[in-house]
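S.K.: Handing you a structure now.
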Amino acid sequence: MKLNSNLYSFSDNTFYNVTEKVNKYKEKHPDNKIISLGVGDVSKPVVKSIIEAMHKAVDDQANMETFKGYGAYYGYDFLKDVILENEYKDFGFTRDEIYISNGTKSDSTNILELFDIDSKICVSDPMYPIYMAGAKILNRNITCLDCNEDNNFIPTIPKEKYDIIYICSPSNPTGTCYTYDDLEKWIRYAKENKAVILYDNVYNAFIRSENVPRSIYEIDGAKEVAIEFRSFSKVASFTGLRCSYYIIPNEIDKDINYYWKNRTINRFNGADYIVQKGAMEVYSDSAKKEIKKNIDDYLEGAKKLRRVFENNGYSVYGGIDSPFLWIKTKDGMDSWEFFDFFLEKLNIIIIPGIIFGSNGDKYFRVSALASKGVIDEAIERINKYYEK
Ligand code: PLP
């Protein structure tokens, strides 16, 4: 027996290492009040009408007439229909092209099972680290494309041919967004190279700027080359509930949905019925209003965080159509040195940029998904530190 060696070689630059360092610091300084601008988790609870819909769905499971067991491998039509109506009305997708699932974290690399094992994959560096880790576990060949200030954190179109392209917009970690022009170029590249774009769009609800597309399908030709992933996690505080969806357009290949349905039947038993009922409620008028207010609050926090770092001499990126700010360290510190500095001097946790790829080594990520109380406290500490 031999274990999967791809599971062995992960680096020391992970979220686990952040937690380990914080725990060690806490042991030594038990009285210090540490606050976190690090986590990518939400701080606001699920809105009331969604909770009520899920309570009702729990009761459905107790009655013969409404009980749901196995079955809806690709998601229930009641949820597919409201997503297609509310999110994709102008694009003409059918129920056959949308899949309900239990989280984009797994969806984003499970999808690689759709493609030949020798497919060449590219991803931007820095990236949401799961793309690299998930592809490695599946023994796939993945190459990084540099993203930095020179290319505004959008990778330059490569000369080489790739078959699969990961794009994350709004980006975790840099908070930058692909514009219409950027996406047009990548769609052209994908067409010329018969490639597929895996478009991770889980932060779409944070987009407010006019020149940023909400969906890749707003761009002509995208239906021929792009699979779009979205999640209720950050939009509606479903990080603990787990519900996501993605679109595989028939235009990519006449057999693509046939292949993926065969894969899904054999590898997935469908998302949770109760959670899907909750997700359906996301599109009620009252929940829509409350959810928009929650996201507005996060964006307000991001704006305040941008201001405090900028006012104290930092170069700040993102944080406009995204909850994430990508900030350059100071005094030549690498990202772990900066992490130690912020933890020790301000008792604030940030995420070292190196966790997201080698181009993150002189950056750190700050998240505005923290509560207002934490953000205000962090701002006070930062201002106080630099007043000295
Ligand atoms: N994609 C990106 C870019 C993310 O930042 C995250 C979560 O942080 C996910 C996917 C995971 O989403 P889900 O909670 O739906 O698994």
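By convention in this document, the chains of the structure tokens carry letters A, B, ... by their order, each chain's residues are numbered from 1, and ligands are numbered from 1 in the order they are shown.
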Determine, counting only C-alpha atoms, which protein, DNA and RNA residues have an atom within 10 Å of an atom of Thr174 of chain A; residues of the same chain fewer than 2 positions away are not included. Present the result as JSON, numbers by chain.
M.R.: {"A": [126, 127, 128, 147, 148, 152, 153, 154, 168, 169, 170, 171, 172, 176, 177, 316, 317, 318, 319, 322, 323, 324, 325, 326, 327, 353, 356, 360, 363, 364, 365, 366]}
S.K.: Excluding Ile34 of chain A and residues on its chain fewer than 3 positions from it, collect all residues at most 9 Å away from it, counting only C-alpha atoms, and give them as a PyMOL selection string.
M.R.: chain A and resi 22+26+343+346-349
S.K.: Which one is closest to Ser215 of chain A: A:Pro155, A:Asp118, A:Ala236, A:Phe91? Count only C-alpha atoms.
M.R.: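 Looking at the shortest contact to Ser215 of chain A, the residue is A:Phe91.
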S.K.: Just checking: using only C-alpha atoms and all ligand atoms, which residue out of A:Val42, A:Ala135, A:Ala205, A:Leu114 ends up closest to ligand 1?
M.R.: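 For ligand 1, the nearest of the given residues is A:Val42.
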S.K.: Kindly compile the residues surrounding ligand 1 within 7 Å, counting only C-alpha atoms and all ligand atoms, and format them as a list in words.
M.R.: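 Counting only what the definition allows, namely only C-alpha atoms and all ligand atoms, the set is Gly40, Asp41, Asn102, Gly103, Thr104, Lys105, Ser106, Tyr128, Cys168, Ser171, Asn172, Asp200, Val202, Ser231, Phe232, Ser233, Thr239, Arg242, Cys243 and Ser244 of chain A.
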S.K.: May I have the selected residues written with N, CA, C and O atoms, as a PDB file, in the first residue's frame?
M.R.:
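The result, written out as result_26.pdb:
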ATOM      1  N   GLY A  40     -11.452  34.940   6.919  1.00  0.00           N
ATOM      2  CA  GLY A  40     -12.310  35.210   5.771  1.00  0.00           C
ATOM      3  C   GLY A  40     -13.755  34.832   6.089  1.00  0.00           C
ATOM      4  O   GLY A  40     -14.586  34.804   5.197  1.00  0.00           O
ATOM      5  N   ASP A  41     -14.037  34.508   7.360  1.00  0.00           N
ATOM      6  CA  ASP A  41     -15.412  34.128   7.700  1.00  0.00           C
ATOM      7  C   ASP A  41     -16.243  35.385   7.969  1.00  0.00           C
ATOM      8  O   ASP A  41     -15.701  36.436   8.310  1.00  0.00           O
ATOM      9  N   ASN A 102     -22.535  22.070  -2.205  1.00  0.00           N
ATOM     10  CA  ASN A 102     -22.373  22.425  -0.788  1.00  0.00           C
ATOM     11  C   ASN A 102     -21.106  23.219  -0.504  1.00  0.00           C
ATOM     12  O   ASN A 102     -20.535  23.133   0.577  1.00  0.00           O
ATOM     13  N   GLY A 103     -20.651  24.010  -1.460  1.00  0.00           N
ATOM     14  CA  GLY A 103     -19.526  24.901  -1.179  1.00  0.00           C
ATOM     15  C   GLY A 103     -18.555  25.008  -2.334  1.00  0.00           C
ATOM     16  O   GLY A 103     -18.181  23.997  -2.939  1.00  0.00           O
ATOM     17  N   THR A 104     -18.167  26.237  -2.633  1.00  0.00           N
ATOM     18  CA  THR A 104     -17.254  26.460  -3.758  1.00  0.00           C
ATOM     19  C   THR A 104     -15.835  25.989  -3.432  1.00  0.00           C
ATOM     20  O   THR A 104     -15.040  25.744  -4.326  1.00  0.00           O
ATOM     21  N   LYS A 105     -15.517  25.867  -2.139  1.00  0.00           N
ATOM     22  CA  LYS A 105     -14.182  25.370  -1.807  1.00  0.00           C
ATOM     23  C   LYS A 105     -13.956  24.025  -2.506  1.00  0.00           C
ATOM     24  O   LYS A 105     -12.957  23.845  -3.205  1.00  0.00           O
ATOM     25  N   SER A 106     -14.890  23.101  -2.331  1.00  0.00           N
ATOM     26  CA  SER A 106     -14.725  21.804  -2.994  1.00  0.00           C
ATOM     27  C   SER A 106     -15.107  21.864  -4.472  1.00  0.00           C
ATOM     28  O   SER A 106     -14.427  21.267  -5.316  1.00  0.00           O
ATOM     29  N   TYR A 128      -6.426  32.211  -4.240  1.00  0.00           N
ATOM     30  CA  TYR A 128      -7.128  31.460  -3.187  1.00  0.00           C
ATOM     31  C   TYR A 128      -6.408  30.100  -3.136  1.00  0.00           C
ATOM     32  O   TYR A 128      -6.413  29.360  -4.135  1.00  0.00           O
ATOM     33  N   CYS A 168     -10.339  34.471 -10.356  1.00  0.00           N
ATOM     34  CA  CYS A 168     -11.133  34.778  -9.162  1.00  0.00           C
ATOM     35  C   CYS A 168     -11.392  36.279  -9.166  1.00  0.00           C
ATOM     36  O   CYS A 168     -10.463  37.071  -9.081  1.00  0.00           O
ATOM     37  N   SER A 171     -11.233  39.288  -6.322  1.00  0.00           N
ATOM     38  CA  SER A 171     -10.215  38.322  -5.928  1.00  0.00           C
ATOM     39  C   SER A 171     -10.060  38.187  -4.420  1.00  0.00           C
ATOM     40  O   SER A 171     -10.022  39.167  -3.698  1.00  0.00           O
ATOM     41  N   ASN A 172      -9.965  36.951  -3.994  1.00  0.00           N
ATOM     42  CA  ASN A 172      -9.391  36.650  -2.698  1.00  0.00           C
ATOM     43  C   ASN A 172      -7.990  36.139  -3.046  1.00  0.00           C
ATOM     44  O   ASN A 172      -7.892  35.139  -3.745  1.00  0.00           O
ATOM     45  N   ASP A 200     -14.311  31.973 -10.485  1.00  0.00           N
ATOM     46  CA  ASP A 200     -14.751  31.961  -9.085  1.00  0.00           C
ATOM     47  C   ASP A 200     -15.275  33.351  -8.739  1.00  0.00           C
ATOM     48  O   ASP A 200     -14.526  34.312  -8.621  1.00  0.00           O
ATOM     49  N   VAL A 202     -17.442  34.145  -6.076  1.00  0.00           N
ATOM     50  CA  VAL A 202     -18.204  34.028  -4.824  1.00  0.00           C
ATOM     51  C   VAL A 202     -18.406  35.367  -4.109  1.00  0.00           C
ATOM     52  O   VAL A 202     -19.256  35.470  -3.235  1.00  0.00           O
ATOM     53  N   SER A 231     -21.499  31.244  -4.436  1.00  0.00           N
ATOM     54  CA  SER A 231     -21.779  30.603  -3.153  1.00  0.00           C
ATOM     55  C   SER A 231     -22.664  31.522  -2.323  1.00  0.00           C
ATOM     56  O   SER A 231     -22.605  32.743  -2.466  1.00  0.00           O
ATOM     57  N   PHE A 232     -23.474  30.928  -1.443  1.00  0.00           N
ATOM     58  CA  PHE A 232     -24.259  31.733  -0.504  1.00  0.00           C
ATOM     59  C   PHE A 232     -23.444  32.071   0.752  1.00  0.00           C
ATOM     60  O   PHE A 232     -23.941  32.745   1.645  1.00  0.00           O
ATOM     61  N   SER A 233     -22.196  31.585   0.803  1.00  0.00           N
ATOM     62  CA  SER A 233     -21.410  31.723   2.046  1.00  0.00           C
ATOM     63  C   SER A 233     -21.244  33.163   2.489  1.00  0.00           C
ATOM     64  O   SER A 233     -21.632  33.530   3.590  1.00  0.00           O
ATOM     65  N   THR A 239     -21.676  30.364   5.570  1.00  0.00           N
ATOM     66  CA  THR A 239     -20.387  29.657   5.697  1.00  0.00           C
ATOM     67  C   THR A 239     -20.536  28.384   6.525  1.00  0.00           C
ATOM     68  O   THR A 239     -19.845  27.397   6.269  1.00  0.00           O
ATOM     69  N   ARG A 242     -23.540  25.884   4.294  1.00  0.00           N
ATOM     70  CA  ARG A 242     -22.996  25.245   3.099  1.00  0.00           C
ATOM     71  C   ARG A 242     -23.999  25.157   1.946  1.00  0.00           C
ATOM     72  O   ARG A 242     -24.836  24.240   1.901  1.00  0.00           O
ATOM     73  N   CYS A 243     -23.943  26.081   1.039  1.00  0.00           N
ATOM     74  CA  CYS A 243     -24.731  25.986  -0.191  1.00  0.00           C
ATOM     75  C   CYS A 243     -24.077  26.850  -1.281  1.00  0.00           C
ATOM     76  O   CYS A 243     -23.748  28.013  -1.037  1.00  0.00           O
ATOM     77  N   SER A 244     -23.879  26.236  -2.421  1.00  0.00           N
ATOM     78  CA  SER A 244     -23.223  26.945  -3.532  1.00  0.00           C
ATOM     79  C   SER A 244     -23.892  26.515  -4.837  1.00  0.00           C
ATOM     80  O   SER A 244     -24.736  25.621  -4.830  1.00  0.00           O
TER      81      SER A 244
END
S.K.: Closest to Asp220 of chain A among A:His29, A:Lys234, A:Arg188, A:Arg263, using only C-alpha atoms?
M.R.: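 Of all the options, A:Arg188 lies closest to Asp220 of chain A.
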